[in-house]
>>> print(open('final_0.csv').read())   # CSV, C-alpha atoms
chain,number,residue,atom,x,y,z
Q,1,MET,CA,-16.8,23.3,-29.0
Q,2,GLY,CA,-13.2,23.2,-30.3
Q,3,ASN,CA,-11.5,20.0,-31.0
Q,4,VAL,CA,-10.4,18.4,-27.8
Q,5,THR,CA,-7.6,15.8,-27.9
Q,6,VAL,CA,-8.3,13.2,-25.4
Q,7,SER,CA,-5.4,11.0,-24.2
Q,8,THR,CA,-5.7,8.1,-21.8
Q,9,PRO,CA,-4.1,8.7,-18.4
Q,10,PRO,CA,-1.7,6.1,-17.1
Q,11,ARG,CA,-3.5,3.0,-15.7
Q,12,VAL,CA,-3.0,1.7,-12.2
Q,13,LEU,CA,-4.5,-1.4,-10.7
Q,14,THR,CA,-5.1,-2.1,-7.0
Q,15,VAL,CA,-5.6,-5.7,-5.8
Q,16,ALA,CA,-6.9,-5.3,-2.2
Q,17,GLY,CA,-9.8,-5.4,0.2
Q,18,SER,CA,-12.9,-3.2,0.2
Q,19,ASP,CA,-13.3,-0.8,3.2
Q,20,SER,CA,-17.0,-0.1,3.7
Q,21,GLY,CA,-16.0,3.0,5.7
Q,22,GLY,CA,-14.3,4.5,2.7
Q,23,GLY,CA,-11.0,5.5,4.4
Q,24,ALA,CA,-8.7,2.6,3.5
Q,25,GLY,CA,-8.5,-0.3,1.1
Q,26,ILE,CA,-9.8,-0.2,-2.4
Q,27,GLN,CA,-11.7,3.0,-1.7
Q,28,ALA,CA,-8.6,4.8,-0.5
Q,29,ASP,CA,-6.6,3.4,-3.4
Q,30,LEU,CA,-9.0,4.7,-6.0
Q,31,LYS,CA,-9.3,8.2,-4.4
Q,32,THR,CA,-5.5,8.4,-4.2
Q,33,MET,CA,-5.2,7.4,-7.9
Q,34,LEU,CA,-7.7,10.0,-9.0
Q,35,ALA,CA,-5.8,12.6,-6.9
Q,36,GLN,CA,-2.5,11.7,-8.6
Q,37,GLY,CA,-4.1,12.0,-12.1
Q,38,VAL,CA,-4.1,8.3,-13.1
Q,39,HIS,CA,-6.9,5.9,-14.0
Q,40,GLY,CA,-7.6,3.6,-11.1
Q,41,MET,CA,-8.9,0.0,-11.5
Q,42,SER,CA,-9.6,-2.5,-8.8
Q,43,VAL,CA,-9.5,-6.3,-8.2
Q,44,ILE,CA,-11.4,-6.9,-4.9
Q,45,ALA,CA,-9.9,-9.8,-2.9
Q,46,ALA,CA,-12.0,-9.4,0.3
Q,47,VAL,CA,-14.9,-7.4,1.6
Q,48,THR,CA,-14.7,-5.9,5.1
Q,49,ALA,CA,-17.4,-4.7,7.4
Q,50,GLN,CA,-15.5,-1.8,8.8
Q,51,ASN,CA,-16.0,1.7,10.2
Q,52,SER,CA,-14.1,4.2,12.3
Q,53,VAL,CA,-14.0,2.0,15.4
Q,54,GLY,CA,-12.8,-1.3,13.8
Q,55,VAL,CA,-13.2,-4.2,11.5
Q,56,GLN,CA,-16.3,-6.2,12.4
Q,57,GLY,CA,-15.8,-8.9,9.9
Q,58,TYR,CA,-14.2,-9.9,6.6
Q,59,TRP,CA,-15.1,-12.3,3.8
Q,60,GLU,CA,-12.6,-13.4,1.2
Q,61,LEU,CA,-13.7,-13.6,-2.4
Q,62,PRO,CA,-13.4,-17.1,-4.0
Q,63,PRO,CA,-10.1,-17.6,-5.7
Q,64,GLU,CA,-11.8,-17.9,-9.1
Q,65,ALA,CA,-13.4,-14.5,-8.7
Q,66,VAL,CA,-10.0,-12.9,-8.0
Q,67,ARG,CA,-8.4,-14.7,-10.9
Q,68,ALA,CA,-11.3,-13.6,-13.2
Q,69,GLN,CA,-11.0,-10.0,-12.2
Q,70,LEU,CA,-7.2,-10.0,-12.8
Q,71,ASP,CA,-7.6,-11.7,-16.2
Q,72,SER,CA,-10.4,-9.3,-17.1
Q,73,VAL,CA,-8.5,-6.1,-16.3
Q,74,LEU,CA,-5.0,-7.1,-17.4
Q,75,GLY,CA,-6.2,-8.9,-20.5
Q,76,ASP,CA,-8.1,-6.0,-22.0
Q,77,ILE,CA,-7.0,-2.8,-20.3
Q,78,GLY,CA,-3.6,-3.5,-18.9
Q,79,ALA,CA,-1.8,-1.5,-16.2
Q,80,GLU,CA,1.4,0.6,-16.0
Q,81,ALA,CA,1.7,-0.2,-12.3
Q,82,VAL,CA,0.0,-2.5,-9.8
Q,83,LYS,CA,-0.5,-2.1,-6.0
Q,84,THR,CA,-1.4,-4.9,-3.7
Q,85,GLY,CA,-3.0,-4.6,-0.3
Q,86,MET,CA,-5.2,-6.9,1.8
Q,87,LEU,CA,-5.0,-10.4,0.3
Q,88,ALA,CA,-6.3,-12.3,3.3
Q,89,SER,CA,-5.5,-16.0,2.5
Q,90,PRO,CA,-2.7,-18.2,1.1
Q,91,ALA,CA,-4.8,-19.1,-2.0
Q,92,LEU,CA,-5.4,-15.4,-2.9
Q,93,VAL,CA,-1.7,-14.4,-2.3
Q,94,GLU,CA,-0.7,-17.3,-4.5
Q,95,ILE,CA,-3.0,-16.3,-7.4
Q,96,VAL,CA,-2.0,-12.7,-7.3
Q,97,ALA,CA,1.8,-13.5,-7.1
Q,98,GLU,CA,1.5,-16.0,-10.0
Q,99,THR,CA,-0.3,-13.5,-12.2
Q,100,LEU,CA,2.0,-10.6,-11.4
Q,101,ALA,CA,5.1,-12.6,-11.8
Q,102,GLY,CA,4.2,-13.0,-15.5
Q,103,TYR,CA,3.2,-9.3,-16.0
Q,104,ALA,CA,5.7,-6.6,-16.9
Q,105,ALA,CA,4.7,-3.7,-14.7
Q,106,PRO,CA,6.1,-2.4,-11.4
Q,107,VAL,CA,4.4,-3.9,-8.4
Q,108,VAL,CA,4.1,-2.1,-5.1
Q,109,VAL,CA,3.3,-4.5,-2.3
Q,110,ASP,CA,1.7,-3.1,0.9
Q,111,PRO,CA,2.1,-6.3,3.1
Q,112,VAL,CA,-1.1,-5.7,5.0
Q,113,GLY,CA,-1.2,-7.8,8.2
Q,114,VAL,CA,-3.3,-5.8,10.6
Q,115,SER,CA,-5.7,-2.8,10.6
Q,116,LYS,CA,-5.1,0.5,12.3
Q,117,HIS,CA,-7.3,-0.9,15.1
Q,118,GLY,CA,-5.2,-4.0,15.6
Q,119,ASP,CA,-7.6,-6.3,13.8
Q,120,SER,CA,-5.8,-9.1,11.8
Q,121,LEU,CA,-6.5,-8.9,8.1
Q,122,LEU,CA,-4.2,-11.8,7.1
Q,123,ALA,CA,-4.5,-15.4,8.0
Q,124,PRO,CA,-1.4,-16.6,9.9
Q,125,GLU,CA,-0.7,-19.3,7.4
Q,126,ALA,CA,-0.8,-16.6,4.6
Q,127,VAL,CA,2.3,-14.8,6.0
Q,128,GLU,CA,4.6,-17.5,4.6
Q,129,THR,CA,3.0,-17.4,1.2
Q,130,LEU,CA,3.3,-13.6,1.2
Q,131,ARG,CA,7.0,-13.9,2.2
Q,132,THR,CA,7.9,-16.6,-0.4
Q,133,ARG,CA,5.7,-15.9,-3.3
Q,134,LEU,CA,4.6,-12.2,-3.4
Q,135,LEU,CA,7.7,-10.3,-2.1
Q,136,PRO,CA,10.0,-11.7,-4.8
Q,137,VAL,CA,7.8,-10.1,-7.5
Q,138,ALA,CA,7.6,-6.7,-5.7
Q,139,THR,CA,9.3,-3.7,-7.1
Q,140,VAL,CA,8.8,-1.9,-3.8
Q,141,VAL,CA,7.4,-3.3,-0.5
Q,142,THR,CA,6.2,-0.9,2.1
Q,143,PRO,CA,6.0,-2.6,5.5
Q,144,ASN,CA,5.4,-0.7,8.8
Q,145,LEU,CA,7.4,-1.9,11.8
Q,146,TRP,CA,4.8,-4.4,12.9
Q,147,GLU,CA,4.7,-5.9,9.4
Q,148,VAL,CA,8.6,-6.0,9.3
Q,149,GLU,CA,8.5,-8.1,12.5
Q,150,GLN,CA,5.7,-10.3,11.2
Q,151,LEU,CA,7.7,-11.0,8.0
Q,152,THR,CA,11.3,-11.2,9.2
Q,153,SER,CA,11.2,-11.4,13.1
Q,154,VAL,CA,13.4,-8.3,13.2
Q,155,LYS,CA,12.1,-6.0,15.9
Q,156,VAL,CA,12.8,-2.3,15.2
Q,157,GLU,CA,13.2,-0.3,18.4
Q,158,ASP,CA,15.0,2.8,17.2
Q,159,GLU,CA,16.2,4.5,14.0
Q,160,GLY,CA,19.4,2.4,14.0
Q,161,ASP,CA,17.4,-0.8,13.4
Q,162,LEU,CA,15.8,0.4,10.2
Q,163,ARG,CA,18.8,-0.6,8.1
Q,164,ARG,CA,18.8,-4.1,9.6
Q,165,ALA,CA,15.0,-4.4,9.0
Q,166,ALA,CA,15.5,-3.3,5.3
Q,167,ALA,CA,18.2,-5.9,4.8
Q,168,ALA,CA,16.0,-8.6,6.2
Q,169,ILE,CA,13.1,-7.6,3.9
Q,170,LEU,CA,15.4,-7.3,0.8
Q,171,GLU,CA,16.6,-10.9,1.5
Q,172,LEU,CA,13.0,-12.0,0.7
Q,173,GLY,CA,13.4,-10.8,-2.9
Q,174,PRO,CA,11.8,-7.4,-3.5
Q,175,THR,CA,13.9,-4.8,-5.5
Q,176,TRP,CA,13.3,-2.0,-3.0
Q,177,ALA,CA,12.2,-1.9,0.6
Q,178,LEU,CA,10.5,1.2,2.1
Q,179,ILE,CA,10.6,0.7,5.9
Q,180,LYS,CA,8.0,3.0,7.5
Q,181,GLY,CA,9.2,4.2,10.9
Q,182,GLY,CA,6.1,6.1,11.8
Q,183,HIS,CA,5.7,4.0,15.0
Q,184,LEU,CA,9.1,4.9,16.3
Q,185,PRO,CA,9.4,7.5,19.1
Q,186,GLY,CA,10.4,11.0,17.9
Q,187,GLU,CA,10.2,12.3,14.3
Q,188,PRO,CA,9.0,9.7,11.9
Q,189,VAL,CA,11.7,8.4,9.6
Q,190,ASP,CA,11.2,6.2,6.6
Q,191,LEU,CA,14.1,4.3,5.0
Q,192,LEU,CA,14.1,3.4,1.3
Q,193,THR,CA,16.8,1.2,0.0
Q,194,ASP,CA,17.6,-1.4,-2.8
Q,195,GLY,CA,20.6,-2.6,-0.8
Q,196,VAL,CA,22.9,-0.2,-2.7
Q,197,GLU,CA,21.3,3.2,-2.7
Q,198,GLU,CA,19.7,4.6,0.5
Q,199,TYR,CA,17.1,7.4,0.9
Q,200,VAL,CA,15.8,8.7,4.1
Q,201,PHE,CA,12.4,10.5,4.3
Q,202,THR,CA,11.5,12.5,7.3
Q,203,ALA,CA,8.3,14.4,8.1
Q,204,ALA,CA,7.1,16.3,11.1
Q,205,ARG,CA,5.0,14.2,13.4
Q,206,LEU,CA,1.5,15.6,13.0
Q,207,ASP,CA,-0.7,15.8,16.1
Q,208,ASN,CA,-3.7,14.2,14.3
Q,209,ARG,CA,-5.2,10.8,15.2
Q,210,HIS,CA,-7.2,10.7,12.0
Q,211,THR,CA,-4.8,8.5,10.1
Q,212,HIS,CA,-7.0,5.6,8.8
Q,213,GLY,CA,-5.8,4.6,5.4
Q,214,THR,CA,-2.3,6.0,5.4
Q,215,GLY,CA,-0.6,2.7,4.4
Q,216,CYS,CA,-3.0,2.1,1.5
Q,217,THR,CA,-2.7,5.7,0.4
Q,218,LEU,CA,1.1,5.7,0.4
Q,219,ALA,CA,1.4,2.5,-1.6
Q,220,SER,CA,-1.2,3.7,-4.1
Q,221,ALA,CA,0.5,7.0,-4.5
Q,222,ILE,CA,3.8,5.3,-5.1
Q,223,ALA,CA,2.3,3.1,-7.8
Q,224,SER,CA,0.6,6.1,-9.4
Q,225,HIS,CA,3.9,8.0,-9.7
Q,226,LEU,CA,5.7,4.9,-11.1
Q,227,ALA,CA,2.9,4.8,-13.7
Q,228,LEU,CA,3.5,8.5,-14.4
Q,229,GLY,CA,7.2,7.7,-15.2
Q,230,GLU,CA,9.0,8.4,-11.9
Q,231,ASP,CA,11.8,6.2,-10.7
Q,232,VAL,CA,11.3,4.5,-7.3
Q,233,PRO,CA,13.0,7.2,-5.2
Q,234,GLY,CA,11.1,9.9,-7.1
Q,235,ALA,CA,7.8,8.1,-6.8
Q,236,VAL,CA,8.3,7.6,-3.0
Q,237,GLY,CA,9.2,11.3,-2.5
Q,238,LYS,CA,6.1,12.5,-4.3
Q,239,ALA,CA,3.9,9.9,-2.6
Q,240,LYS,CA,5.3,11.0,0.8
Q,241,GLU,CA,4.4,14.7,0.1
Q,242,TYR,CA,0.9,13.7,-0.9
Q,243,VAL,CA,0.3,11.5,2.2
Q,244,THR,CA,1.8,14.1,4.6
Q,245,GLY,CA,-0.7,16.7,3.3
Q,246,ALA,CA,-3.5,14.1,3.6
Q,247,ILE,CA,-2.6,13.2,7.2
Q,248,ALA,CA,-2.4,16.9,8.1
Q,249,ARG,CA,-6.0,17.3,7.0
Q,250,GLY,CA,-7.3,14.0,8.3
Q,251,PHE,CA,-10.9,14.6,9.6
Q,252,PRO,CA,-13.1,13.1,12.3
Q,253,LEU,CA,-15.6,10.4,11.1
Q,254,GLY,CA,-17.8,8.3,13.3
Q,255,ALA,CA,-16.8,7.6,16.9
Q,256,GLY,CA,-13.2,6.4,16.2
Q,257,ILE,CA,-10.3,7.0,14.0
Q,258,GLY,CA,-11.1,9.2,11.0
Q,259,PRO,CA,-9.5,9.0,7.5
Q,260,VAL,CA,-6.8,11.1,5.9
Q,261,ASP,CA,-8.1,13.6,3.4
Q,262,HIS,CA,-7.5,12.2,-0.1
Q,263,ALA,CA,-8.8,15.4,-1.7
Q,264,TRP,CA,-6.7,17.8,0.4
Q,265,GLN,CA,-5.1,19.4,-2.7
Q,266,TRP,CA,-8.5,20.4,-4.0
Q,267,ARG,CA,-10.2,21.6,-0.8
>>> encode(input="final_0.csv", output="structure tokens")
Amino acid sequence: MGNVTVSTPPRVLTVAGSDSGGGAGIQADLKTMLAQGVHGMSVIAAVTAQNSVGVQGYWELPPEAVRAQLDSVLGDIGAEAVKTGMLASPALVEIVAETLAGYAAPVVVDPVGVSKHGDSLLAPEAVETLRTRLLPVATVVTPNLWEVEQLTSVKVEDEGDLRRAAAAILELGPTWALIKGGHLPGEPVDLLTDGVEEYVFTAARLDNRHTHGTGCTLASAIASHLALGEDVPGAVGKAKEYVTGAIARGFPLGAGIGPVDHAWQWR
């Protein structure tokens, strides 16, 4: 055996919910991080009972359990980027926002409101906490059109509305907004802006219904590339390439919507 120099890969923390089906949430986040070459760590905020046909239930962790996980990881190991997903309740959003406000690493907020199946994953009273406490600490926030409407009341009906949606999100305080236009008719268009610079990402619409976990995967890939040293537009570009490949190879699982393939580059 020769001398092998081991260096620690960049560290990325996800704060989100567990998906028992393995396609979204913490499980998708960690798979995505591995695929991007970073060390993934997790703070679990909620546990879902979930499979390919829907979310059958969810249980929030006690606030002290979430706080202890955050203190544990950030106090000893640290992170070069953080991604947040399903935070469920006002108390949990509050704890995460408070901790991250005092921590000097980029934060990617996926403002999870509802699952692919239409199941609500955020208490209605938590929307306001998300809006006023967490979005101001975000480096990038990645809402889909439904989440844009939930957070700002702006209804996006065509590509022309994306800029208005982004402006409304930026007013809530994040540095960058990535408005995901995947639910628009026609070719999917995403708009990334900090209010000054604008980047448009387009991808072919893939005829594949196995898209469970796309939002979690995209946000985690962005956080991974920020940890690897990319700027925000660069990180979003690389994350989009990874997710597009993963959607193209999404596979059937169970009786419902299958997941994207996190390992598509290796298969």
>>> closest_residue(input="final_0.csv", among="Q:Ala35, Q:Ala177, Q:Val6, Q:Leu172", to="Q:Glu197", atoms="only C-alpha atoms")
Q:Ala177
>>> closest_residue(input="final_0.csv", among="Q:Thr84, Q:Thr193, Q:Ser20, Q:Thr48", to="Q:Gly215", atoms="all atoms listed in the file")
Q:Thr84
>>> closest_residue(input="final_0.csv", among="Q:Ala81, Q:Val43, Q:Ala88, Q:Ala227", to="Q:Trp59", atoms="all atoms listed in the file")
Q:Ala88
>>> residues_around(input="final_0.csv", residues="stretch 146-163 of chain Q", least_positions_apart="3", cutoff="8 Å", atoms="all atoms listed in the file", output="VMD selection string")
chain Q and resid 111 to 113 127 to 128 131 143 166 to 169 179 181 184 to 185 189 191
>>> closest_residue(input="final_0.csv", among="Q:Thr211, Q:Asn3, Q:Ser42, Q:Thr142", to="Q:Ile77", atoms="all atoms listed in the file")
Q:Ser42
>>> atom_distance(input="final_0.csv", atom1="atom CA of Q:Val38", atom2="atom CA of Q:Ala105")
15.0 Å
>>> residues_near_point(input="final_0.csv", point="(-6.1, -9.1, -17.2)", cutoff="12 Å", atoms="all atoms listed in the file", output="VMD selection string")
chain Q and resid 13 15 41 to 43 66 to 79 82 96 99 to 100 102 to 103
>>> residues_near_point(input="final_0.csv", point="(-12.5, -16.7, -6.2)", cutoff="10 Å", atoms="only C-alpha atoms", output="VMD selection string")
chain Q and resid 44 to 46 60 to 69 91 to 92 95
>>> residues_around(input="final_0.csv", residues="Q:Asp194", least_positions_apart="5", cutoff="10 Å", atoms="only C-alpha atoms", output="VMD selection string")
chain Q and resid 139 to 140 166 to 167 170 174 to 178 199 232
>>> closest_residue(input="final_0.csv", among="Q:Leu145, Q:Leu135, Q:Leu122, Q:Val53", to="Q:Leu253", atoms="only C-alpha atoms")
Q:Val53
>>> closest_residue(input="final_0.csv", among="Q:Pro9, Q:Gly182, Q:Pro188, Q:Gly54", to="Q:Met33", atoms="all atoms listed in the file")
Q:Pro9
>>> atom_distance(input="final_0.csv", atom1="atom CA of Q:Lys83", atom2="atom CA of Q:Gln27")
13.0 Å
>>> closest_atom_pairs(input="final_0.csv", of="stretch 99-174 of chain Q", to="stretch 219-223 of chain Q", cutoff="9 Å", atoms="only C-alpha atoms", output="JSON lines")
{"residue": "Q:Pro106", "atom": "CA", "partner": "Q:Ala223", "partner_atom": "CA", "distance": 7.6}
{"residue": "Q:Val107", "atom": "CA", "partner": "Q:Ala223", "partner_atom": "CA", "distance": 7.3}
{"residue": "Q:Val108", "atom": "CA", "partner": "Q:Ala223", "partner_atom": "CA", "distance": 6.1}
{"residue": "Q:Val109", "atom": "CA", "partner": "Q:Ala219", "partner_atom": "CA", "distance": 7.3}
{"residue": "Q:Asp110", "atom": "CA", "partner": "Q:Ala219", "partner_atom": "CA", "distance": 6.1}
{"residue": "Q:Val140", "atom": "CA", "partner": "Q:Ile222", "partner_atom": "CA", "distance": 8.9}
{"residue": "Q:Val141", "atom": "CA", "partner": "Q:Ala219", "partner_atom": "CA", "distance": 8.4}
{"residue": "Q:Thr142", "atom": "CA", "partner": "Q:Ala219", "partner_atom": "CA", "distance": 6.9}
>>> atom_distance(input="final_0.csv", atom1="atom CA of Q:Ala204", atom2="atom CA of Q:Gly237")
14.6 Å
>>> residues_around(input="final_0.csv", residues="Q:Leu130", least_positions_apart="4", cutoff="8 Å", atoms="all atoms listed in the file", output="PyMOL selection string")
chain Q and resi 90+93-94+111+126+134-135
>>> decode(input="final_0.csv", residues="stretch 200-219 of chain Q", atoms="N, CA, C and O atoms", output="PDB file, in the first residue's frame")
ATOM      1  N   VAL Q 200     -31.663  32.516 -16.998  1.00  0.00           N
ATOM      2  CA  VAL Q 200     -32.806  31.665 -17.336  1.00  0.00           C
ATOM      3  C   VAL Q 200     -32.273  30.280 -17.673  1.00  0.00           C
ATOM      4  O   VAL Q 200     -31.321  30.138 -18.446  1.00  0.00           O
ATOM      5  N   PHE Q 201     -32.861  29.273 -17.051  1.00  0.00           N
ATOM      6  CA  PHE Q 201     -32.453  27.883 -17.303  1.00  0.00           C
ATOM      7  C   PHE Q 201     -33.615  27.173 -17.974  1.00  0.00           C
ATOM      8  O   PHE Q 201     -34.727  27.185 -17.445  1.00  0.00           O
ATOM      9  N   THR Q 202     -33.345  26.596 -19.128  1.00  0.00           N
ATOM     10  CA  THR Q 202     -34.406  25.850 -19.794  1.00  0.00           C
ATOM     11  C   THR Q 202     -33.959  24.395 -19.905  1.00  0.00           C
ATOM     12  O   THR Q 202     -32.770  24.097 -19.917  1.00  0.00           O
ATOM     13  N   ALA Q 203     -34.932  23.504 -19.960  1.00  0.00           N
ATOM     14  CA  ALA Q 203     -34.633  22.083 -20.145  1.00  0.00           C
ATOM     15  C   ALA Q 203     -35.782  21.506 -20.942  1.00  0.00           C
ATOM     16  O   ALA Q 203     -36.896  22.029 -20.903  1.00  0.00           O
ATOM     17  N   ALA Q 204     -35.507  20.447 -21.690  1.00  0.00           N
ATOM     18  CA  ALA Q 204     -36.590  19.808 -22.436  1.00  0.00           C
ATOM     19  C   ALA Q 204     -37.559  19.203 -21.422  1.00  0.00           C
ATOM     20  O   ALA Q 204     -37.141  18.756 -20.355  1.00  0.00           O
ATOM     21  N   ARG Q 205     -38.849  19.218 -21.746  1.00  0.00           N
ATOM     22  CA  ARG Q 205     -39.798  18.558 -20.856  1.00  0.00           C
ATOM     23  C   ARG Q 205     -39.688  17.059 -21.092  1.00  0.00           C
ATOM     24  O   ARG Q 205     -39.817  16.584 -22.200  1.00  0.00           O
ATOM     25  N   LEU Q 206     -39.413  16.339 -20.029  1.00  0.00           N
ATOM     26  CA  LEU Q 206     -39.204  14.902 -20.174  1.00  0.00           C
ATOM     27  C   LEU Q 206     -40.517  14.181 -19.925  1.00  0.00           C
ATOM     28  O   LEU Q 206     -41.240  14.496 -18.987  1.00  0.00           O
ATOM     29  N   ASP Q 207     -40.795  13.236 -20.772  1.00  0.00           N
ATOM     30  CA  ASP Q 207     -42.051  12.505 -20.652  1.00  0.00           C
ATOM     31  C   ASP Q 207     -41.861  11.377 -19.647  1.00  0.00           C
ATOM     32  O   ASP Q 207     -41.761  10.208 -20.001  1.00  0.00           O
ATOM     33  N   ASN Q 208     -41.756  11.755 -18.392  1.00  0.00           N
ATOM     34  CA  ASN Q 208     -41.503  10.757 -17.354  1.00  0.00           C
ATOM     35  C   ASN Q 208     -42.226  11.203 -16.098  1.00  0.00           C
ATOM     36  O   ASN Q 208     -41.972  12.278 -15.578  1.00  0.00           O
ATOM     37  N   ARG Q 209     -43.133  10.378 -15.608  1.00  0.00           N
ATOM     38  CA  ARG Q 209     -43.881  10.804 -14.419  1.00  0.00           C
ATOM     39  C   ARG Q 209     -43.128  10.491 -13.130  1.00  0.00           C
ATOM     40  O   ARG Q 209     -43.573  10.866 -12.058  1.00  0.00           O
ATOM     41  N   HIS Q 210     -41.994   9.815 -13.233  1.00  0.00           N
ATOM     42  CA  HIS Q 210     -41.254   9.441 -12.026  1.00  0.00           C
ATOM     43  C   HIS Q 210     -40.339  10.585 -11.592  1.00  0.00           C
ATOM     44  O   HIS Q 210     -39.148  10.594 -11.892  1.00  0.00           O
ATOM     45  N   THR Q 211     -40.953  11.543 -10.903  1.00  0.00           N
ATOM     46  CA  THR Q 211     -40.260  12.786 -10.559  1.00  0.00           C
ATOM     47  C   THR Q 211     -40.286  13.048  -9.053  1.00  0.00           C
ATOM     48  O   THR Q 211     -40.062  14.172  -8.620  1.00  0.00           O
ATOM     49  N   HIS Q 212     -40.569  12.028  -8.251  1.00  0.00           N
ATOM     50  CA  HIS Q 212     -40.613  12.220  -6.805  1.00  0.00           C
ATOM     51  C   HIS Q 212     -39.220  12.622  -6.309  1.00  0.00           C
ATOM     52  O   HIS Q 212     -38.234  11.971  -6.638  1.00  0.00           O
ATOM     53  N   GLY Q 213     -39.158  13.731  -5.570  1.00  0.00           N
ATOM     54  CA  GLY Q 213     -37.878  14.145  -5.003  1.00  0.00           C
ATOM     55  C   GLY Q 213     -37.116  15.198  -5.789  1.00  0.00           C
ATOM     56  O   GLY Q 213     -36.012  15.572  -5.402  1.00  0.00           O
ATOM     57  N   THR Q 214     -37.704  15.702  -6.878  1.00  0.00           N
ATOM     58  CA  THR Q 214     -36.954  16.671  -7.702  1.00  0.00           C
ATOM     59  C   THR Q 214     -36.580  17.936  -6.921  1.00  0.00           C
ATOM     60  O   THR Q 214     -35.457  18.422  -7.036  1.00  0.00           O
ATOM     61  N   GLY Q 215     -37.526  18.479  -6.135  1.00  0.00           N
ATOM     62  CA  GLY Q 215     -37.251  19.728  -5.413  1.00  0.00           C
ATOM     63  C   GLY Q 215     -36.147  19.568  -4.386  1.00  0.00           C
ATOM     64  O   GLY Q 215     -35.230  20.397  -4.296  1.00  0.00           O
ATOM     65  N   CYS Q 216     -36.219  18.481  -3.622  1.00  0.00           N
ATOM     66  CA  CYS Q 216     -35.201  18.189  -2.600  1.00  0.00           C
ATOM     67  C   CYS Q 216     -33.842  18.010  -3.267  1.00  0.00           C
ATOM     68  O   CYS Q 216     -32.813  18.510  -2.800  1.00  0.00           O
ATOM     69  N   THR Q 217     -33.859  17.277  -4.360  1.00  0.00           N
ATOM     70  CA  THR Q 217     -32.633  16.945  -5.080  1.00  0.00           C
ATOM     71  C   THR Q 217     -31.971  18.195  -5.646  1.00  0.00           C
ATOM     72  O   THR Q 217     -30.755  18.398  -5.512  1.00  0.00           O
ATOM     73  N   LEU Q 218     -32.777  19.066  -6.253  1.00  0.00           N
ATOM     74  CA  LEU Q 218     -32.222  20.300  -6.829  1.00  0.00           C
ATOM     75  C   LEU Q 218     -31.593  21.177  -5.744  1.00  0.00           C
ATOM     76  O   LEU Q 218     -30.454  21.630  -5.882  1.00  0.00           O
ATOM     77  N   ALA Q 219     -32.323  21.402  -4.652  1.00  0.00           N
ATOM     78  CA  ALA Q 219     -31.812  22.273  -3.591  1.00  0.00           C
ATOM     79  C   ALA Q 219     -30.529  21.695  -2.982  1.00  0.00           C
ATOM     80  O   ALA Q 219     -29.580  22.430  -2.684  1.00  0.00           O
TER      81      ALA Q 219
END
